[in-house]
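Chemist: The following block contains the structure, expressed as structure tokens.
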Amino acid sequence: MGAASDVPAGGPTNVLPASRSSRVMLAVVRVTVALLWIENTSWKRPPTFAHLSDPPSGLYLWTLNGVRHEVFAPWAWFVENVVLPNFVLFGWLVLIVEASLGAFLLVGLATRFFALVGMVQTVAIMFSVLNAPHEWFWAYFLMFVAHLALLATAAGRAYGVDAVLRPRWTQRSTAPSRLLLTVS
Amino acid sequence: MLQTPLSRAAFGLGAGAAASVLLSLASGPPLRLISLNGIGVLIMIVLAALAMLGGLIGLRLLVALAGLGFLAAAALVVVQWAARGTNTLGGTGATMTLMLGFAIGLLAVGSVRDRPVENNSAR
């Protein structure tokens with residue numbers, strides 16, 4: 001037990017558990033979320049991303065769903081007028097973002113930043129598919145809160161690369177080190 | 001052996017890379033998360049062993065080399081996959097992403113000098 005000043009407001013019972021088993025479980029959550037993104041890059045195939053496929057398939061179909069089964073009018077307008085006319089560029093952006101999510105969350109580097117990116121990407125997906133036939137809306141809400149949990153717990157500090165490198169970043173006072181401390 | 005956090009991280013990443021080959025063994029979803037052919041499995045195992053050896057003997061050059069190997073393999077997969085669908089390692093975007101993860105992790109760990117630091121990470 002440390003000094004009295006180390007005890008957080010509300011008493012020690014308010015401290016999140018930091019046992020080895022808790023950290024292992026947190027790492028399991030992080031790696032599982034990473035595997036979600038990893039698996040989902042398997043069907044976003046460049047260079048066309050199924051653009052203008054007939055019948056629509058792959059990323060092209062799921063993007064069209066944002067217009068055909070509108071969830072949020074401004075998003076549907078954005079997809080119809082900005083995304084679809086530049087679909088191949090959009091496809092590459094999606095692949096890069098989702099591959100980065102899978103890669104960085106897998107090893108637990110810059111985890112808080114990528115948890116935030118994952119939440120943003122989940123909202124973008126929700127706006128496209130939430131009203132599509134046979135979709136289970138809870139899947140997307142759960143996906144969002146899984147990233148929220150990674151952000152809230154700074155999950156890369158549990159058996160991630162963040163845990164190994166943060167002591168080094170702490171000792172340096174350079175701008176990149178400060179940035180990495182913030183995003184980890 | 002494995003006396004520093006960096007060594008343990010390199011060994012752990014290598015072990016994780018070796019174990020991830022299991023994700024390609026099932027015949028279909030949900031357990032088959034990545035695709036690899038025989039050459040792909042061999043490359044994964046060799047690079048994973050290199051990372052584990054680097055961690056075991058504390059040689060960060062070896063760890064960084066394994067990271068570069070994974071980066072090259074990921075680049076090969078995405079270039080060939082985009083160009084013609086099939087590729088030398090039998091991979092898809094998922095394989096590329098997995099390899100990219102191990103590349104980033106090993107390069108991050110292998111590029112840091114292994115010296116003692118004060119334990120004040122809880123900040």
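Chain labels run A, B, ... following the order of the structure tokens; each chain numbers its residues from 1, and ligands are numbered from 1 in the order shown.
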So that I can check the surroundings of Ile57 (chain B), please list as a ChimeraX atom specification every protein, DNA and RNA residue that reaches within 9 Å of it, counting only C-alpha atoms and ignoring chain neighbours fewer than 4 positions away.
Modeler: /B:1-2,7,52-53
Chemist: Can you write just those residues out, C-alpha atoms, as a PDB file, in the first residue's frame?
Modeler:
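Result file is part-v5.pdb:
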ATOM      1  CA  MET B   1      17.879 -15.058 -21.781  1.00  0.00           C
ATOM      2  CA  LEU B   2      14.753 -12.907 -22.109  1.00  0.00           C
ATOM      3  CA  SER B   7      13.704  -9.251 -25.470  1.00  0.00           C
ATOM      4  CA  MET B  52      12.221 -15.403 -31.299  1.00  0.00           C
ATOM      5  CA  LEU B  53      15.956 -16.055 -31.680  1.00  0.00           C
TER       6      LEU B  53
END
Chemist: Please identify all polymer residues within 9 Å of Ala146 (chain A), counting only C-alpha atoms, omitting same-chain residues fewer than 2 positions from it, and present them as a ChimeraX atom specification.
Modeler: /A:29-30,33,115,119,141-144,148-151
Chemist: Show me a table, sorted first by chain and then by increasing residue number, of the residues of chain B having an atom at most 6 Å from chain A, each with its shortest atom pair and the distance in Å to one decimal, counting only C-alpha atoms and written as a tab-separated table.
Modeler:
residue	atom	partner	partner_atom	distance
B:Leu33	CA	A:Glu39	CA	5.4
B:Ala82	CA	A:Pro46	CA	4.8
B:Thr92	CA	A:Ser42	CA	5.4
B:Gly93	CA	A:Ser42	CA	4.3
B:Ala94	CA	A:Ser42	CA	4.5
B:Thr97	CA	A:Ala99	CA	5.1
B:Leu100	CA	A:Ala103	CA	5.7
B:Gly101	CA	A:Ala103	CA	3.6
B:Gly105	CA	A:Val107	CA	5.7
B:Ser121	CA	A:Pro167	CA	4.8
Chemist: With DSSP run on the backbone, what are the helix (DSSP H, G or I) residues within chain B? I'd like them as an MDAnalysis selection string.
Modeler: chainID B and resid 5:24 38:57 60:84 93:110
Chemist: Just give me the gap between CA of Gly69 (chain B) and CA of Ala110 (chain A) in Å, one decimal is fine.
Modeler: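 Interatomic distance, CA of Gly69 (chain B) to CA of Ala110 (chain A): 22.0 Å.
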Chemist: When you count only C-alpha atoms, which of these residues is closest to Val83 (chain A): A:Val183, A:Leu59, A:Val24, A:Val97?
Modeler: A:Leu59
